[in-house]
$ cat run.txt   # compact mmCIF, C-alpha atoms
# COMPACT_ATOMS: atom_id res chain seq x y z
CA MET A 1 101.65 23.96 89.51
CA ARG A 2 98.51 25.63 90.85
CA HIS A 3 99.90 25.36 94.40
CA LEU A 4 103.24 26.82 93.35
CA ARG A 5 101.55 29.77 91.65
CA ALA A 6 99.58 30.43 94.83
CA LEU A 7 102.74 30.43 96.97
CA CYS A 8 104.49 32.85 94.61
CA ALA A 9 101.47 35.17 94.61
CA ILE A 10 101.37 35.28 98.42
CA ALA A 11 105.09 36.04 98.60
CA ASP A 12 104.95 38.69 95.86
CA THR A 13 101.97 40.57 97.29
CA GLY A 14 102.79 40.01 100.97
CA SER A 15 99.11 39.44 101.70
CA LEU A 16 96.59 36.62 101.42
CA HIS A 17 93.92 39.14 100.44
CA ARG A 18 96.00 40.68 97.65
CA ALA A 19 97.16 37.27 96.44
CA ALA A 20 93.59 35.98 96.31
CA ARG A 21 92.56 39.02 94.28
CA GLN A 22 95.46 38.51 91.88
CA LEU A 23 94.62 34.82 91.45
CA GLY A 24 90.89 35.41 91.09
CA LEU A 25 90.06 33.45 94.25
CA ALA A 26 88.14 34.11 97.44
CA GLN A 27 90.49 34.66 100.37
CA PRO A 28 89.05 31.74 102.42
CA SER A 29 89.72 29.41 99.47
CA LEU A 30 93.33 30.56 99.24
CA SER A 31 93.78 30.22 103.01
CA THR A 32 92.48 26.64 102.85
CA GLN A 33 94.78 25.88 99.93
CA LEU A 34 97.78 27.26 101.83
CA ARG A 35 96.99 25.14 104.89
CA ARG A 36 96.85 22.02 102.72
CA ILE A 37 100.18 22.85 101.11
CA GLU A 38 101.78 23.42 104.50
CA GLN A 39 100.37 20.13 105.81
CA GLU A 40 101.77 18.33 102.77
CA LEU A 41 105.21 19.88 103.16
CA GLY A 42 105.30 19.48 106.92
CA GLY A 43 105.73 23.05 108.13
CA ALA A 44 104.59 26.66 107.99
CA LEU A 45 105.59 28.52 104.82
CA PHE A 46 104.50 31.99 105.91
CA VAL A 47 104.31 33.92 109.15
CA ARG A 48 100.92 35.65 109.40
CA GLU A 49 101.19 39.13 110.89
CA ARG A 50 98.87 42.10 111.12
CA SER A 51 100.85 43.78 108.34
CA GLY A 52 100.62 40.73 106.05
CA CYS A 53 102.52 37.52 105.33
CA ARG A 54 106.25 36.92 105.13
CA PRO A 55 108.02 33.65 104.20
CA THR A 56 109.49 31.43 106.90
CA PRO A 57 112.92 29.83 106.26
CA LEU A 58 111.06 26.80 104.89
CA GLY A 59 108.95 29.12 102.77
CA ARG A 60 112.02 30.80 101.30
CA LEU A 61 113.45 27.40 100.40
CA VAL A 62 110.25 26.32 98.67
CA LEU A 63 109.91 29.65 96.86
CA SER A 64 113.49 29.45 95.56
CA ARG A 65 112.52 26.25 93.75
CA ALA A 66 108.97 27.26 92.89
CA ARG A 67 109.67 30.53 91.08
CA PRO A 68 111.77 29.09 88.25
CA LEU A 69 109.25 26.30 87.72
CA VAL A 70 106.30 28.69 87.57
CA ALA A 71 108.14 31.08 85.25
CA GLU A 72 109.18 28.26 82.92
CA MET A 73 105.65 26.85 82.75
CA ARG A 74 104.13 30.25 81.99
CA SER A 75 106.78 30.92 79.36
CA LEU A 76 106.07 27.54 77.78
CA VAL A 77 102.33 28.22 77.68
CA ALA A 78 102.84 31.70 76.21
CA GLU A 79 105.21 30.43 73.51
CA ALA A 80 102.90 27.56 72.63
CA ARG A 81 99.91 29.88 72.30
CA ALA A 82 101.90 32.32 70.18
CA ALA A 83 103.05 29.50 67.91
CA ALA A 84 99.51 28.19 67.58
CA ALA A 85 98.29 31.68 66.70
CA GLY A 86 100.88 31.97 63.97
CA GLY A 87 103.45 34.33 65.46
CA PRO A 88 105.00 35.92 68.56
CA GLN A 89 103.02 38.30 70.74
CA LEU A 90 104.18 41.20 72.81
CA ARG A 91 103.07 40.56 76.38
CA VAL A 92 102.26 43.91 77.98
CA GLY A 93 101.44 44.48 81.64
CA SER A 94 100.07 47.69 83.07
CA THR A 95 98.44 49.39 85.99
CA ALA A 96 95.48 51.59 85.06
CA SER A 97 96.28 54.50 82.75
CA LYS A 98 94.43 56.68 80.26
CA ALA A 99 97.45 56.30 77.97
CA LEU A 100 96.98 52.56 77.68
CA ALA A 101 94.50 52.49 74.80
CA GLY A 102 96.61 54.82 72.67
CA TRP A 103 99.76 52.85 73.45
CA LEU A 104 98.25 49.54 72.38
CA ARG A 105 96.82 51.15 69.25
CA ARG A 106 100.23 52.50 68.27
CA LEU A 107 101.95 49.18 68.95
CA ARG A 108 99.51 47.43 66.64
CA GLY A 109 100.07 50.14 64.04
CA HIS A 110 103.79 49.36 64.18
CA GLY A 111 103.17 45.71 63.37
CA GLN A 112 103.32 44.38 66.92
CA ASP A 113 100.66 42.10 68.38
CA PRO A 114 100.26 43.07 72.05
CA THR A 115 98.36 41.13 74.69
CA LEU A 116 97.44 42.89 77.92
CA HIS A 117 97.60 41.88 81.58
CA MET A 118 96.18 44.42 84.04
CA ASN A 119 97.00 44.46 87.74
CA VAL A 120 96.57 47.07 90.48
CA SER A 121 99.91 45.97 91.96
CA PRO A 122 103.00 47.42 90.24
CA ASN A 123 105.21 45.06 92.25
CA ALA A 124 103.34 42.03 90.94
CA LEU A 125 103.77 43.24 87.35
CA LEU A 126 107.51 43.83 87.82
CA ARG A 127 107.88 40.32 89.20
CA MET A 128 106.04 38.93 86.18
CA VAL A 129 108.46 40.69 83.82
CA ALA A 130 111.43 39.32 85.76
CA ASP A 131 109.94 35.82 85.67
CA GLY A 132 109.42 35.95 81.89
CA GLN A 133 105.62 36.07 82.09
CA LEU A 134 105.51 39.57 80.55
CA ASP A 135 107.80 41.34 78.09
CA VAL A 136 107.19 44.88 79.38
CA ALA A 137 105.22 46.56 82.14
CA PHE A 138 104.03 50.14 82.50
CA VAL A 139 103.73 50.90 86.21
CA HIS A 140 103.58 53.75 88.70
CA GLU A 141 105.60 54.22 91.88
CA VAL A 142 103.81 56.13 94.62
CA GLU A 143 105.93 58.90 96.07
CA GLY A 144 107.56 57.79 99.32
CA CYS A 145 106.81 54.10 98.71
CA PRO A 146 109.62 52.63 96.55
CA LEU A 147 108.78 49.62 94.41
CA ARG A 148 110.57 46.30 94.83
CA VAL A 149 112.35 46.26 91.46
CA PRO A 150 114.07 42.94 90.61
CA GLU A 151 117.75 43.48 89.91
CA GLU A 152 117.58 41.97 86.43
CA LEU A 153 115.09 44.54 85.11
CA ARG A 154 115.83 47.66 83.12
CA LEU A 155 113.73 50.78 83.75
CA ARG A 156 112.90 53.85 81.76
CA VAL A 157 111.25 56.86 83.38
CA LEU A 158 108.32 58.25 81.40
CA LEU A 159 107.51 60.87 84.02
CA GLU A 160 109.55 61.72 87.09
CA ARG A 161 106.56 63.09 88.98
CA GLU A 162 102.94 62.99 87.91
CA PRO A 163 100.74 64.93 90.34
CA GLN A 164 97.62 63.15 91.47
CA PHE A 165 94.39 65.12 91.23
CA VAL A 166 91.06 64.65 92.98
CA SER A 167 87.69 63.76 91.49
CA LEU A 168 84.61 65.05 93.27
CA PRO A 169 80.92 65.39 92.50
CA ALA A 170 80.24 68.11 89.97
CA GLY A 171 77.89 69.84 92.43
CA HIS A 172 80.42 69.92 95.28
CA PRO A 173 81.15 73.51 96.45
CA ALA A 174 84.89 72.96 95.98
CA ALA A 175 84.34 72.07 92.32
CA ALA A 176 83.69 75.73 91.58
CA LYS A 177 87.43 76.41 91.86
CA PRO A 178 90.18 75.13 89.52
CA GLU A 179 92.29 74.13 92.53
CA VAL A 180 91.05 72.41 95.68
CA ASP A 181 92.48 72.68 99.20
CA LEU A 182 92.40 69.39 101.13
CA ARG A 183 90.84 71.21 104.08
CA ASP A 184 87.78 71.89 101.90
CA LEU A 185 87.32 68.11 101.61
CA ALA A 186 87.94 67.24 105.26
CA ASP A 187 84.27 66.49 105.93
CA ASP A 188 83.79 64.34 102.83
CA ARG A 189 83.97 60.58 102.57
CA TRP A 190 87.01 59.45 100.61
CA MET A 191 87.37 56.12 98.82
CA ILE A 192 90.88 54.67 98.45
CA ASP A 193 91.97 51.33 96.99
CA PRO A 194 94.25 49.72 99.61
CA MET A 195 95.36 47.07 97.08
CA VAL A 196 97.40 49.63 95.10
CA ASP A 197 100.99 49.31 96.33
CA GLY A 198 101.87 52.24 98.58
CA GLU A 199 98.75 54.27 97.88
CA TRP A 200 97.04 54.05 101.26
CA ASP A 201 100.26 54.92 103.11
CA ALA A 202 100.85 57.92 100.87
CA VAL A 203 97.27 59.18 101.22
CA GLN A 204 97.49 58.89 105.00
CA ARG A 205 100.68 60.96 104.98
CA MET A 206 98.94 63.53 102.80
CA PHE A 207 96.05 63.80 105.25
CA ARG A 208 98.37 64.10 108.24
CA ALA A 209 100.41 66.85 106.56
CA ALA A 210 97.21 68.79 105.86
CA GLY A 211 95.93 68.26 109.41
CA VAL A 212 92.71 66.57 108.30
CA LYS A 213 91.09 63.27 109.30
CA PRO A 214 88.37 62.50 106.76
CA HIS A 215 86.25 59.36 106.83
CA VAL A 216 87.83 56.82 104.47
CA LEU A 217 86.14 53.93 102.66
CA HIS A 218 88.11 51.16 100.98
CA GLY A 219 87.19 50.07 97.48
CA ASP A 220 88.52 49.79 93.95
CA TYR A 221 88.73 52.92 91.82
CA HIS A 222 86.10 51.73 89.33
CA THR A 223 83.60 51.65 92.20
CA ALA A 224 84.95 54.95 93.50
CA GLY A 225 84.29 56.62 90.15
CA ALA A 226 80.68 55.47 90.18
CA LEU A 227 80.20 56.72 93.75
CA VAL A 228 81.76 60.09 92.95
CA ALA A 229 79.24 60.54 90.15
CA THR A 230 76.37 59.93 92.59
CA GLY A 231 77.77 62.32 95.19
CA GLU A 232 78.77 59.68 97.73
CA VAL A 233 82.57 60.08 97.87
CA VAL A 234 85.60 61.95 96.61
CA THR A 235 88.75 60.14 95.53
CA VAL A 236 92.29 60.51 94.27
CA CYS A 237 92.57 60.24 90.49
CA GLN A 238 95.15 60.45 87.74
CA PRO A 239 95.44 63.90 86.15
CA THR A 240 94.69 62.46 82.72
CA HIS A 241 91.09 61.83 83.79
CA ALA A 242 88.69 64.32 82.32
CA SER A 243 85.69 65.89 84.01
CA SER A 244 82.16 64.77 83.10
CA PRO A 245 78.69 66.21 83.74
CA ASP A 246 78.57 64.30 87.06
CA MET A 247 82.22 64.51 88.12
CA ALA A 248 84.79 67.29 88.38
CA VAL A 249 88.54 66.64 88.22
CA ARG A 250 90.56 69.27 90.04
CA ARG A 251 94.16 69.91 91.01
CA LEU A 252 95.02 69.64 94.70
CA HIS A 253 96.62 72.74 96.19
CA GLY A 254 100.35 72.25 96.54
CA ASP A 255 100.33 68.95 94.60
CA PRO A 256 100.76 66.91 97.81
CA LEU A 257 100.58 63.49 96.15
CA GLY A 258 102.62 62.28 93.18
CA VAL A 259 103.75 59.16 91.37
CA ARG A 260 106.64 58.25 89.10
CA LEU A 261 105.72 56.55 85.83
CA LEU A 262 108.05 53.74 84.75
CA LEU A 263 108.41 51.29 81.90
CA ALA A 264 110.14 48.02 82.80
CA ALA A 265 111.63 45.24 80.65
CA ARG A 266 114.44 42.72 80.84
CA THR A 267 116.59 44.42 78.18
CA GLU A 268 117.18 47.90 76.79
CA THR A 269 116.20 46.55 73.37
CA ASP A 270 112.78 45.59 74.70
CA LEU A 271 112.37 49.11 76.07
CA ASP A 272 113.47 50.75 72.82
CA GLY A 273 110.81 48.81 70.92
CA VAL A 274 107.85 50.12 72.89
CA TYR A 275 108.84 53.33 74.69
CA PRO A 276 108.30 55.84 71.81
CA ALA A 277 104.72 54.62 71.33
CA LEU A 278 104.04 54.97 75.07
CA GLU A 279 105.50 58.48 75.11
CA GLU A 280 103.23 59.53 72.24
CA ALA A 281 100.18 57.93 73.87
CA TYR A 282 100.79 59.67 77.17
CA ARG A 283 101.17 63.04 75.45
CA GLU A 284 97.87 62.39 73.66
CA ALA A 285 96.11 61.52 76.94
CA ALA A 286 97.46 64.69 78.56
CA ARG A 287 96.17 66.83 75.68
CA GLN A 288 92.67 65.44 76.19
CA ALA A 289 92.55 66.35 79.90
CA PRO A 290 92.08 70.15 80.19
CA ALA A 291 93.03 70.47 83.87
CA TYR A 292 96.23 68.48 83.39
CA ARG A 293 97.17 70.23 80.17
CA GLU A 294 96.85 73.57 81.96
CA TRP A 295 99.04 72.27 84.80
CA LEU A 296 101.72 71.10 82.36
CA GLU A 297 101.75 74.37 80.46
CA ARG A 298 101.80 76.53 83.59
CA ASP A 299 104.20 74.62 85.85
CA GLY A 300 107.25 74.59 83.63
CA ALA A 301 109.59 73.67 86.48
CA MET A 302 107.74 70.41 87.01
CA ARG A 303 107.13 69.58 83.37
CA PRO A 304 107.61 65.89 82.56
CA PRO A 305 110.57 64.60 80.53
CA VAL A 306 108.38 64.14 77.45
CA PRO A 307 108.13 66.48 74.45
CA ALA A 308 106.13 69.63 75.06
CA LEU A 309 102.45 69.45 74.21
CA PRO A 310 101.63 70.93 70.81
$ encode --input "run.txt" --output "structure tokens"
Amino acid sequence: MRHLRALCAIADTGSLHRAARQLGLAQPSLSTQLRRIEQELGGALFVRERSGCRPTPLGRLVLSRARPLVAEMRSLVAEARAAAAGGPQLRVGSTASKALAGWLRRLRGHGQDPTLHMNVSPNALLRMVADGQLDVAFVHEVEGCPLRVPEELRLRVLLEREPQFVSLPAGHPAAAKPEVDLRDLADDRWMIDPMVDGEWDAVQRMFRAAGVKPHVLHGDYHTAGALVATGEVVTVCQPTHASSPDMAVRRLHGDPLGVRLLLAARTETDLDGVYPALEEAYREAARQAPAYREWLERDGAMRPPVPALP
């Protein structure tokens, strides 16, 4: 079963590096494991290319049998654990969001017992919902980089377009203005997480459109936040992030980068049971972020399809 999970992770992420991160393994260990599986089965399961990995015909055959087995085993484990704990649990998946804490708090207040699975890959979370490993997933779709949504899933749009802001050191000259032009950050080091589906491609397009070529470092956004606070980098951030004494969150001129916020489940009933709590939590997170609240109140034409902020 461990081997089958590894094969599914490689296929879902399209990358040994991303799959290893999802599985909590070092990439060399996953590469060794894949070679052993291929030796056992007698042929290559993936074609390794510069852009990632894609299944061979043999790989597609193996994956067609592996996915149902992996999904059934995970469903069995989840049901057994829920039964042992005395009742069913709501299995929630999510990419990072400031609305998450409020959403989980509201779900518990409504008598639900949510568990949480975090992943930087929206595509991986959607696949987990389709496979029965999660009940719902709250994900983002980077503008210009459509997600691979399994046909059996139902989607609900929380926000058609959420503008992405920028976080920069509080002492940065551009932080003195409420809105930052990308050209004012052309000489800065940027940190971008290439593991987030579509993000690196979208950021590159944003730079090209602005005619800038900044130096880019790759790293996760937790690390990026720490480096922003010490003056080392600037980075893209969600508008619900609030400024701090060490870090300023500012709108980018022209809102060149956006995402769509989606809730996914296998049935409309599953969506109905959790969507109102998510809507309330997102509105709460927006209220607590002054720069974003101002944007929402001022840019009526781009206001999200959620109730107006009080």
$ residues_around --input "run.txt" --residues "Leu16 (chain A)" --least-positions-apart "3" --cutoff "8 Å" --atoms "all atoms listed in the file" --output "ChimeraX atom specification"
/A:10,13,19-20,27,30-31,52-53
$ closest_residue --input "run.txt" --among "A:Val47, A:Val196, A:Leu257, A:Ala130" --to "Glu162 (chain A)" --atoms "only C-alpha atoms"
A:Leu257
$ closest_residue --input "run.txt" --among "A:Leu252, A:Ala291, A:Ala281, A:Ala11" --to "Arg183 (chain A)" --atoms "all atoms listed in the file"
A:Leu252
$ residues_around --input "run.txt" --residues "Asp135 (chain A)" --least-positions-apart "5" --cutoff "8 Å" --atoms "only C-alpha atoms" --output "CSV table (one decimal) with C-alpha atoms, keeping the file's coordinate frame"
chain,number,residue,atom,x,y,z
A,90,LEU,CA,104.2,41.2,72.8
A,91,ARG,CA,103.1,40.6,76.4
A,92,VAL,CA,102.3,43.9,78.0
A,93,GLY,CA,101.4,44.5,81.6
A,129,VAL,CA,108.5,40.7,83.8
A,265,ALA,CA,111.6,45.2,80.6
A,266,ARG,CA,114.4,42.7,80.8
A,270,ASP,CA,112.8,45.6,74.7
$ atom_distance --input "run.txt" --atom1 "CA of Asp246 (chain A)" --atom2 "CA of Ala170 (chain A)"
5.1 Å
$ atom_distance --input "run.txt" --atom1 "CA of Asp255 (chain A)" --atom2 "CA of Gln164 (chain A)"
7.1 Å
$ residues_around --input "run.txt" --residues "Gln133 (chain A)" --least-positions-apart "5" --cutoff "10 Å" --atoms "only C-alpha atoms" --output "list of chain:residue names"
A:Val70, A:Ala71, A:Glu72, A:Met73, A:Arg74, A:Ser75, A:Leu76, A:Val77, A:Ala78, A:Arg91, A:Val92, A:Gly93, A:His117, A:Leu125, A:Leu126, A:Arg127, A:Met128
$ atom_distance --input "run.txt" --atom1 "CA of Ala26 (chain A)" --atom2 "CA of Pro150 (chain A)"
28.2 Å
$ residues_around --input "run.txt" --residues "His253 (chain A)" --least-positions-apart "5" --cutoff "9 Å" --atoms "all atoms listed in the file" --output "PyMOL selection string"
chain A and resi 179-182
